[in-house]
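This is protein-v6.cif (mmCIF, C-alpha atoms).
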data_start
#
loop_
_atom_site.label_atom_id
_atom_site.label_comp_id
_atom_site.auth_asym_id
_atom_site.auth_seq_id
_atom_site.Cartn_x
_atom_site.Cartn_y
_atom_site.Cartn_z
CA MET I 1 0.00 0.00 0.00
CA PRO I 2 1.55 3.35 -1.02
CA ARG I 3 2.36 5.86 1.69
CA LYS I 4 0.17 8.90 2.13
CA ALA I 5 1.92 12.03 0.97
CA THR I 6 2.92 14.40 3.75
CA THR I 7 2.10 18.03 2.97
CA LEU I 8 1.70 21.07 5.16
CA ALA I 9 -0.50 24.08 4.72
CA LEU I 10 2.14 26.67 5.51
CA ASN I 11 2.10 30.36 4.67
CA LEU I 12 5.41 32.23 5.01
CA THR I 13 5.78 35.98 5.15
CA GLU I 14 8.25 37.59 2.79
CA GLU I 15 10.61 38.31 5.68
CA VAL I 16 10.56 34.72 6.95
CA ARG I 17 10.94 33.31 3.45
CA ALA I 18 13.94 35.58 2.81
CA THR I 19 15.57 34.45 6.05
CA LEU I 20 15.01 30.77 5.27
CA THR I 21 16.23 31.20 1.68
CA ALA I 22 19.45 32.81 2.90
CA LEU I 23 20.02 29.97 5.35
CA ALA I 24 19.28 27.29 2.74
CA ARG I 25 21.91 28.77 0.43
CA SER I 26 24.47 29.49 3.16
CA ARG I 27 27.90 27.85 3.07
CA THR I 28 28.80 28.79 6.64
CA ALA I 29 25.63 28.09 8.62
CA PRO I 30 25.30 24.80 10.53
CA ALA I 31 24.34 21.89 8.28
CA HIS I 32 21.14 21.12 10.14
CA HIS I 33 20.02 24.77 9.78
CA VAL I 34 20.62 24.63 6.00
CA GLU I 35 18.77 21.35 5.64
CA ARG I 36 15.78 22.33 7.75
CA SER I 37 15.44 25.69 6.01
CA ALA I 38 15.26 23.94 2.65
CA ILE I 39 12.68 21.46 3.96
CA ILE I 40 10.47 24.27 5.31
CA LEU I 41 10.66 26.13 1.99
CA TYR I 42 9.64 22.99 0.10
CA LEU I 43 6.80 22.37 2.57
CA ALA I 44 5.59 25.93 2.05
CA ASP I 45 5.50 25.21 -1.70
CA ARG I 46 3.12 22.26 -1.02
CA ARG I 47 5.70 19.63 -1.90
CA ASP I 48 5.08 16.23 -0.33
CA ALA I 49 7.60 14.43 1.90
CA THR I 50 8.56 11.79 -0.65
CA GLU I 51 9.37 14.39 -3.27
CA ILE I 52 11.36 16.52 -0.79
CA ALA I 53 13.29 13.47 0.41
CA ALA I 54 14.24 12.57 -3.16
CA THR I 55 15.31 16.14 -3.94
CA LEU I 56 17.43 16.60 -0.81
CA ARG I 57 18.54 12.94 -0.74
CA ILE I 58 17.43 12.38 2.83
CA ASP I 59 14.92 10.02 4.46
CA ARG I 60 11.22 10.83 4.89
CA GLN I 61 11.41 10.65 8.70
CA ARG I 62 13.53 13.77 8.84
CA ILE I 63 10.94 15.59 6.71
CA THR I 64 8.13 14.41 8.99
CA ARG I 65 9.95 15.44 12.17
CA CYS I 66 10.68 18.89 10.71
CA ALA I 67 7.00 19.32 9.72
CA ARG I 68 5.90 18.47 13.27
CA ARG I 69 8.44 20.94 14.67
CA VAL I 70 7.08 23.69 12.37
CA GLU I 71 3.53 23.00 13.53
CA ALA I 72 4.63 23.14 17.17
CA VAL I 73 6.91 26.20 17.30
CA GLY I 74 6.75 27.93 13.92
CA PRO I 75 9.10 28.02 10.91
CA LEU I 76 11.98 30.07 12.34
CA LYS I 77 12.21 28.27 15.69
CA ALA I 78 11.90 24.92 13.93
CA ILE I 79 15.40 25.18 12.45
CA ASP I 80 16.88 24.81 15.96
CA ASP I 81 16.79 21.70 18.14
CA LEU I 82 13.91 21.60 20.59
CA PRO I 83 14.67 21.18 24.32
CA ARG I 84 15.21 17.53 25.09
CA SER I 85 13.40 15.69 27.83
CA GLY I 86 16.51 15.10 29.96
CA ARG I 87 16.46 14.42 33.65
CA ARG I 88 16.21 17.63 35.61
CA PRO I 89 18.81 18.27 38.30
CA GLU I 90 17.34 17.17 41.60
CA LEU I 91 19.98 18.24 44.16
CA THR I 92 19.14 21.45 45.95
CA GLU I 93 21.77 23.97 46.95
CA ALA I 94 21.07 23.19 50.60
CA ALA I 95 21.71 19.50 49.96
CA ARG I 96 25.02 20.25 48.24
CA THR I 97 26.09 22.46 51.14
CA TRP I 98 25.21 19.74 53.63
CA LEU I 99 27.15 17.15 51.63
CA ILE I 100 30.26 19.37 51.47
CA GLY I 101 29.99 19.98 55.20
CA GLU I 102 29.87 16.24 55.87
CA ALA I 103 32.93 15.73 53.65
CA CYS I 104 34.84 18.26 55.78
CA VAL I 105 34.32 16.05 58.84
CA LYS I 106 36.49 12.95 59.13
CA ALA I 107 34.66 9.71 58.45
CA LYS I 108 35.74 8.26 61.82
CA GLU I 109 33.87 11.08 63.57
CA ARG I 110 30.68 9.84 61.91
CA GLY I 111 31.15 6.34 63.28
CA TYR I 112 32.95 4.72 60.36
CA PRO I 113 36.27 2.83 60.60
CA HIS I 114 37.69 4.85 57.71
CA GLU I 115 40.09 7.72 58.31
CA LEU I 116 38.93 9.62 55.21
CA TRP I 117 35.87 9.48 53.03
CA THR I 118 35.76 7.49 49.83
CA LEU I 119 33.27 8.47 47.15
CA ARG I 120 31.23 5.31 47.72
CA LEU I 121 31.24 5.75 51.49
CA LEU I 122 30.20 9.40 51.34
CA ALA I 123 27.44 8.62 48.82
CA ALA I 124 26.13 5.81 51.03
CA HIS I 125 26.32 8.10 54.09
CA ALA I 126 24.35 10.80 52.25
CA ARG I 127 21.71 8.32 51.05
CA GLU I 128 21.26 7.04 54.60
CA ARG I 129 21.31 10.26 56.62
CA GLY I 130 20.50 12.97 54.11
CA PRO I 131 16.73 12.41 53.92
CA ALA I 132 16.54 12.31 57.74
CA VAL I 133 17.81 15.91 57.94
CA GLY I 134 15.49 17.22 55.26
CA HIS I 135 17.38 16.48 52.05
CA GLY I 136 15.26 13.87 50.36
CA CYS I 137 16.95 14.54 47.02
CA LEU I 138 20.01 12.67 48.35
CA ALA I 139 18.11 9.39 48.63
CA GLU I 140 19.53 8.12 45.31
CA LEU I 141 22.86 9.94 45.30
CA ALA I 142 25.53 8.26 43.14
CA PRO I 143 29.31 8.26 43.83
CA SER I 144 29.89 9.96 40.47
CA THR I 145 27.70 12.88 41.57
CA VAL I 146 29.67 13.13 44.82
CA HIS I 147 32.85 13.28 42.74
CA ASP I 148 31.48 16.13 40.61
CA ILE I 149 30.34 18.11 43.65
CA LEU I 150 33.62 17.78 45.54
CA ASN I 151 35.73 18.33 42.43
CA SER I 152 34.02 21.68 41.79
CA GLN I 153 34.95 23.04 45.22
CA PRO I 154 38.11 25.05 46.05
CA VAL I 155 38.76 22.76 49.04
CA LYS I 156 39.35 19.00 48.83
CA PRO I 157 38.43 17.64 52.27
CA HIS I 158 38.54 14.04 51.05
CA LYS I 159 42.25 14.28 50.16
CA VAL I 160 45.44 14.53 52.24
CA ARG I 161 48.62 16.43 51.40
CA TYR I 162 51.44 16.08 53.90
CA TYR I 163 53.44 18.94 55.36
CA LEU I 164 56.24 19.13 57.92
CA GLN I 165 55.75 21.37 60.92
CA ARG I 166 58.77 23.47 61.81
CA ARG I 167 59.83 22.24 65.25
CA ASP I 168 63.20 23.94 65.58
CA PRO I 169 62.74 27.31 67.37
CA SER I 170 66.21 28.42 66.28
CA PHE I 171 65.78 27.36 62.66
CA GLU I 172 66.86 30.67 61.11
CA GLU I 173 69.99 30.97 63.27
CA ARG I 174 71.08 27.39 62.55
CA LYS I 175 70.34 27.78 58.85
CA ALA I 176 72.55 30.86 58.80
CA GLU I 177 75.38 28.82 60.33
CA VAL I 178 74.99 26.19 57.64
CA LEU I 179 75.06 28.79 54.88
CA GLU I 180 78.24 30.25 56.39
CA VAL I 181 79.82 26.80 55.98
CA TYR I 182 79.03 26.81 52.26
CA ALA I 183 80.35 30.36 51.92
CA ALA I 184 83.56 29.32 53.67
CA ALA I 185 83.97 26.37 51.30
CA GLU I 186 83.56 28.73 48.34
CA MET I 187 86.32 31.01 49.68
CA LEU I 188 88.65 28.07 50.37
CA ARG I 189 88.58 27.15 46.68
CA HIS I 190 90.43 30.35 45.87
CA ILE I 191 93.27 29.48 48.28
CA PRO I 192 96.08 27.15 47.14
CA GLU I 193 95.60 23.63 48.53
CA ALA I 194 98.86 23.73 50.53
CA ASP I 195 97.81 26.95 52.27
CA ARG I 196 94.24 26.00 53.18
CA PRO I 197 93.74 26.20 56.94
CA ALA I 198 90.61 24.05 56.99
CA VAL I 199 88.57 21.50 55.07
CA VAL I 200 84.79 21.55 54.86
CA LEU I 201 82.87 18.27 54.59
CA SER I 202 79.19 17.42 54.21
CA TYR I 203 78.52 14.15 56.04
CA ASP I 204 75.63 11.75 56.51
CA GLU I 205 74.69 8.08 56.51
CA LYS I 206 72.44 6.26 54.08
CA PRO I 207 71.17 3.25 56.08
CA GLY I 208 68.97 0.38 54.97
CA ILE I 209 70.50 -0.25 51.54
CA GLN I 210 69.00 -3.63 50.71
CA ALA I 211 71.02 -6.45 49.22
CA ILE I 212 68.47 -8.24 47.02
CA ALA I 213 69.19 -11.40 45.07
CA THR I 214 67.26 -12.83 42.15
CA THR I 215 65.72 -16.29 42.31
CA ALA I 216 65.89 -16.78 38.53
CA PRO I 217 68.29 -15.38 35.93
CA ASP I 218 67.42 -12.17 34.06
CA LEU I 219 66.45 -12.64 30.42
CA GLY I 220 67.87 -10.30 27.82
CA PRO I 221 65.73 -8.52 25.20
CA LYS I 222 64.58 -10.63 22.25
CA PRO I 223 63.13 -9.14 19.06
CA GLY I 224 59.55 -10.17 18.53
CA ARG I 225 59.14 -11.48 22.09
CA HIS I 226 60.07 -8.83 24.66
CA SER I 227 61.93 -5.58 24.07
CA THR I 228 63.18 -5.13 27.64
CA VAL I 229 65.11 -7.15 30.19
CA GLN I 230 62.80 -9.71 31.79
CA ARG I 231 63.17 -10.23 35.54
CA ASP I 232 61.38 -12.71 37.76
CA HIS I 233 59.06 -11.15 40.32
CA GLU I 234 60.41 -13.31 43.14
CA TYR I 235 63.50 -12.11 45.01
CA LYS I 236 65.47 -12.88 48.14
CA ARG I 237 66.50 -10.40 50.83
CA LEU I 238 70.10 -10.81 52.00
CA GLY I 239 70.19 -8.00 54.56
CA THR I 240 71.03 -4.31 54.60
CA LEU I 241 74.14 -2.12 54.62
CA THR I 242 74.87 1.47 55.56
CA LEU I 243 76.82 3.87 53.39
CA SER I 244 78.56 6.66 55.34
CA ALA I 245 79.92 9.43 53.14
CA ALA I 246 81.47 12.86 53.51
CA VAL I 247 81.72 15.09 50.43
CA ASP I 248 84.61 17.54 50.46
CA LEU I 249 82.83 20.80 49.57
CA VAL I 250 86.09 22.29 48.31
CA SER I 251 87.42 19.53 46.04
CA GLY I 252 84.38 17.29 45.53
CA PHE I 253 86.21 14.19 46.81
CA VAL I 254 83.92 11.68 48.58
CA HIS I 255 85.19 9.91 51.70
CA HIS I 256 83.13 6.79 52.23
CA VAL I 257 82.81 3.55 54.12
CA VAL I 258 80.24 0.74 53.91
CA THR I 259 79.28 -0.83 57.23
CA GLN I 260 76.70 -3.17 58.69
CA ARG I 261 75.33 -0.57 61.13
CA HIS I 262 75.51 3.15 61.91
CA ARG I 263 76.14 3.48 65.64
CA SER I 264 78.43 5.83 67.54
CA ARG I 265 81.40 3.51 67.12
CA GLU I 266 81.02 3.54 63.33
CA PHE I 267 80.81 7.34 63.36
CA VAL I 268 83.90 7.66 65.56
CA ALA I 269 85.75 5.26 63.25
CA PHE I 270 84.84 7.51 60.31
CA LEU I 271 86.18 10.55 62.17
CA GLU I 272 89.41 8.67 62.79
CA ARG I 273 89.68 8.01 59.03
CA LEU I 274 89.28 11.72 58.34
CA ASP I 275 91.82 12.56 61.03
CA ALA I 276 94.36 10.25 59.41
CA HIS I 277 93.65 11.53 55.90
CA TYR I 278 94.15 15.27 56.43
CA PRO I 279 97.38 16.89 57.64
CA GLY I 280 97.67 17.65 61.34
CA GLY I 281 96.81 21.17 62.33
CA MET I 282 94.11 21.51 59.65
CA LEU I 283 90.62 22.18 60.95
CA ILE I 284 88.08 19.60 59.82
CA CYS I 285 84.63 21.22 59.65
CA LEU I 286 81.80 18.70 59.37
CA LEU I 287 78.26 19.62 58.29
CA LEU I 288 75.88 16.92 59.53
CA ASP I 289 72.40 16.24 60.87
CA ASN I 290 71.13 15.62 64.41
CA HIS I 291 71.44 11.83 64.54
CA SER I 292 72.01 10.55 68.06
CA ALA I 293 75.36 9.00 67.10
CA HIS I 294 76.68 12.43 66.14
CA CYS I 295 76.30 13.83 69.65
CA SER I 296 76.60 10.73 71.85
CA ARG I 297 78.92 10.45 74.82
CA GLU I 298 81.28 8.24 72.84
CA THR I 299 81.48 10.84 70.07
CA LYS I 300 81.98 13.70 72.53
CA ARG I 301 84.73 11.72 74.26
CA PHE I 302 86.59 11.28 70.98
CA LEU I 303 86.21 14.95 70.03
CA ALA I 304 87.52 15.98 73.44
CA SER I 305 90.63 13.89 72.77
CA LYS I 306 91.26 15.93 69.59
CA PRO I 307 90.92 19.55 70.74
CA GLY I 308 90.80 22.05 67.89
CA ARG I 309 90.78 19.31 65.25
CA PHE I 310 87.05 18.99 64.50
CA GLU I 311 84.20 21.47 64.26
CA LEU I 312 80.69 20.07 63.92
CA VAL I 313 77.93 22.21 62.41
CA PHE I 314 74.46 20.70 62.73
CA THR I 315 71.60 21.35 60.31
CA PRO I 316 68.26 22.46 61.79
CA THR I 317 65.78 19.78 62.77
CA HIS I 318 63.99 18.30 59.74
CA ALA I 319 66.21 20.25 57.32
CA SER I 320 68.22 17.53 55.63
CA TRP I 321 67.80 19.45 52.36
CA LEU I 322 70.44 21.85 53.67
CA ASN I 323 73.04 19.07 53.65
CA TYR I 324 74.76 18.71 50.27
CA VAL I 325 75.61 15.03 50.77
CA GLU I 326 71.91 14.25 50.34
CA THR I 327 72.34 15.30 46.71
CA PHE I 328 75.12 12.75 46.35
CA PHE I 329 72.98 10.04 47.96
CA SER I 330 70.20 10.84 45.53
CA LYS I 331 72.62 10.36 42.65
CA VAL I 332 73.71 7.00 44.10
CA ALA I 333 70.10 5.86 44.48
CA ARG I 334 69.18 6.88 40.92
CA SER I 335 72.21 5.27 39.30
CA VAL I 336 74.12 2.39 40.85
CA LEU I 337 71.40 1.30 43.31
CA ARG I 338 68.52 1.52 40.85
CA ARG I 339 67.05 -2.00 40.47
CA ILE I 340 70.33 -3.51 41.62
CA ARG I 341 70.51 -7.29 42.18
CA VAL I 342 73.47 -8.96 43.91
CA ALA I 343 74.51 -12.40 45.07
CA SER I 344 75.70 -11.26 48.51
CA LYS I 345 76.08 -8.26 50.78
CA ALA I 346 79.79 -8.28 50.01
CA GLU I 347 79.04 -7.83 46.31
CA LEU I 348 76.72 -4.92 47.10
CA ALA I 349 79.43 -3.22 49.17
CA ASP I 350 82.04 -3.77 46.43
CA ARG I 351 79.80 -2.28 43.75
CA ILE I 352 79.07 0.80 45.88
CA ARG I 353 82.77 1.31 46.54
CA HIS I 354 83.57 0.83 42.87
CA TYR I 355 81.01 3.47 41.90
CA ILE I 356 82.31 6.04 44.38
CA ASP I 357 85.91 5.36 43.33
CA ALA I 358 84.84 6.13 39.77
CA CYS I 359 83.24 9.38 40.97
CA ASN I 360 86.45 10.31 42.81
CA ALA I 361 88.49 9.74 39.65
CA THR I 362 86.83 12.84 38.18
CA PRO I 363 85.24 14.60 41.17
CA ALA I 364 82.41 17.05 40.53
CA LEU I 365 82.74 20.30 42.42
CA PRO I 366 79.70 20.93 44.65
CA ASN I 367 77.70 23.89 43.38
CA TRP I 368 75.64 25.27 46.28
CA ARG I 369 73.89 28.55 45.55
CA TYR I 370 70.90 28.65 47.92
CA GLY I 371 71.21 31.47 50.41
CA ILE I 372 74.75 32.58 49.54
CA SER I 373 75.92 35.37 47.25
CA PRO I 374 78.03 34.55 44.17
CA PRO I 375 81.78 35.17 44.49
CA ALA I 376 83.02 38.70 43.90
CA GLN I 377 84.92 37.57 40.80
CA ALA I 378 81.76 36.21 39.24
CA ARG I 379 79.88 39.44 40.00
CA ALA I 380 82.66 41.50 38.45
CA ALA I 381 82.63 39.37 35.31
#

As structure tokens, please, write out the structure in this file.
Amino acid sequence: MPRKATTLALNLTEEVRATLTALARSRTAPAHHVERSAIILYLADRRDATEIAATLRIDRQRITRCARRVEAVGPLKAIDDLPRSGRRPELTEAARTWLIGEACVKAKERGYPHELWTLRLLAAHARERGPAVGHGCLAELAPSTVHDILNSQPVKPHKVRYYLQRRDPSFEERKAEVLEVYAAAEMLRHIPEADRPAVVLSYDEKPGIQAIATTAPDLGPKPGRHSTVQRDHEYKRLGTLTLSAAVDLVSGFVHHVVTQRHRSREFVAFLERLDAHYPGGMLICLLLDNHSAHCSRETKRFLASKPGRFELVFTPTHASWLNYVETFFSKVARSVLRRIRVASKAELADRIRHYIDACNATPALPNWRYGISPPAQARAA
């Protein structure tokens, strides 16, 4: 049975027809505006849907929908999309405010075992307790909606970012002493080595270096199978070592020793190594942190036996970033210790010593610039 032709009794004013004609011929207007303008013009000329569809090379359903839109809102409004029947937002501003307020309270204070809220937990909490306090719109709250609400706020109460409270009341004074050490090392570089009255060292320990052995051999890269080294997930812990190091801030030379532990006796033994290395009468200035071994009775006893030989300058509490040797330890961790596997603790110690010996073959001069002025020669240049 043939379809009934779709026509529309439509009368267009000259102004409306001119507007639609311009849109139908436009090369820059949106495509759906051009198409719908042409359809409306054909409908106004009493052309049926089948004929219009054949002329514009589109399906009849689009003609029919456009005709219904013209009947509902008129020819000019019909070229735009009508409002869709989407779900209206149901959360009130009061409900959003209540939800944000709940997020600012720790979950454990609301009777949950969690320290912080998760999106699922906060959504479930809102669904359970929101309607009871007058926010019925929260009865079907989804975790994704909670995410959108919290993500749009300037505060993120469901997240934690750590900070370090300053606990050293004399931080500025002690920091100034540390910076004076770096300035002194800079001045010593301009004095001939034989005439230098002192040496400046940055010292610390790097404990807990793990000796880890493989339980299966590593597999080299193979084209077509795996492009990287393949390593078995299983491993064996062989124990830990401590690397004690002191970087000469004048020459860049690294004094080092690898030990099993880092007690007072190991620290005193390191001081004895420094005492034997440098000529007598030269002041040995050591920049170090506040580890208990650095100020123990055993350490103080040794220092008292060497009057005028050592000067210890301590960094402020929680200010290891002021100690240059930490930069050297970072370099060690990112190079020789990165993914290292050994057969024994002795092999680990040998490889660390070998690496530092290679660094000492061509020492890199420490370049500390924080808090100190550049040398006068550099300013003049």

Step by step, work through what the PyMOL selection byres ((chain I and resi 214) around 8) selects in the shown file, and finish by giving those residues as an mmCIF file with C-alpha atoms, in the frame of the given file.
data_model
loop_
_atom_site.group_PDB
_atom_site.id
_atom_site.type_symbol
_atom_site.label_atom_id
_atom_site.label_comp_id
_atom_site.auth_asym_id
_atom_site.auth_seq_id
_atom_site.Cartn_x
_atom_site.Cartn_y
_atom_site.Cartn_z
ATOM 1 C CA ILE I 212 68.470 -8.240 47.020
ATOM 2 C CA ALA I 213 69.190 -11.400 45.070
ATOM 3 C CA THR I 215 65.720 -16.290 42.310
ATOM 4 C CA ALA I 216 65.890 -16.780 38.530
ATOM 5 C CA PRO I 217 68.290 -15.380 35.930
ATOM 6 C CA ASP I 232 61.380 -12.710 37.760
ATOM 7 C CA GLU I 234 60.410 -13.310 43.140
ATOM 8 C CA TYR I 235 63.500 -12.110 45.010
ATOM 9 C CA LYS I 236 65.470 -12.880 48.140
ATOM 10 C CA ARG I 341 70.510 -7.290 42.180
ATOM 11 C CA VAL I 342 73.470 -8.960 43.910
ATOM 12 C CA ALA I 343 74.510 -12.400 45.070
#

With the PyMOL selection byres ((chain I and resi 80) around 12) as the selection, what would be picked from this file? Answer as a PyMOL selection string, please.
chain I and resi 29-37+66+69-70+73-79+81-84

Distance of atom CA of I:Asp350 from atom CA of I:Gln210, expressed in Å to one decimal place:
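Distance between the two atoms: 13.7 Å.
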
Take the PyMOL selection byres ((chain I and resi 313) around 8), run it mentally on this structure, and tell me the resulting residues as a list in words.
Glu177, Val178, Cys285, Leu286, Leu287, Leu288, Glu311, Leu312, Phe314 and Thr315 of chain I

Would you compute the distance between atom CA of I:Arg96 and atom CA of I:Glu128? Give it in Å to one decimal.
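The value is 15.1 Å.
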
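Taking only C-alpha atoms into account, I:Asp357 lies nearest to I:Phe253 out of the set I:Tyr112, I:Phe253, I:Tyr163, I:Trp117.
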
For a quick check of understanding, using all atoms listed in the file, which of I:Ala49, I:Ala185, I:Ala176, I:Val105 has the smallest distance to I:Lys159?
I:Val105
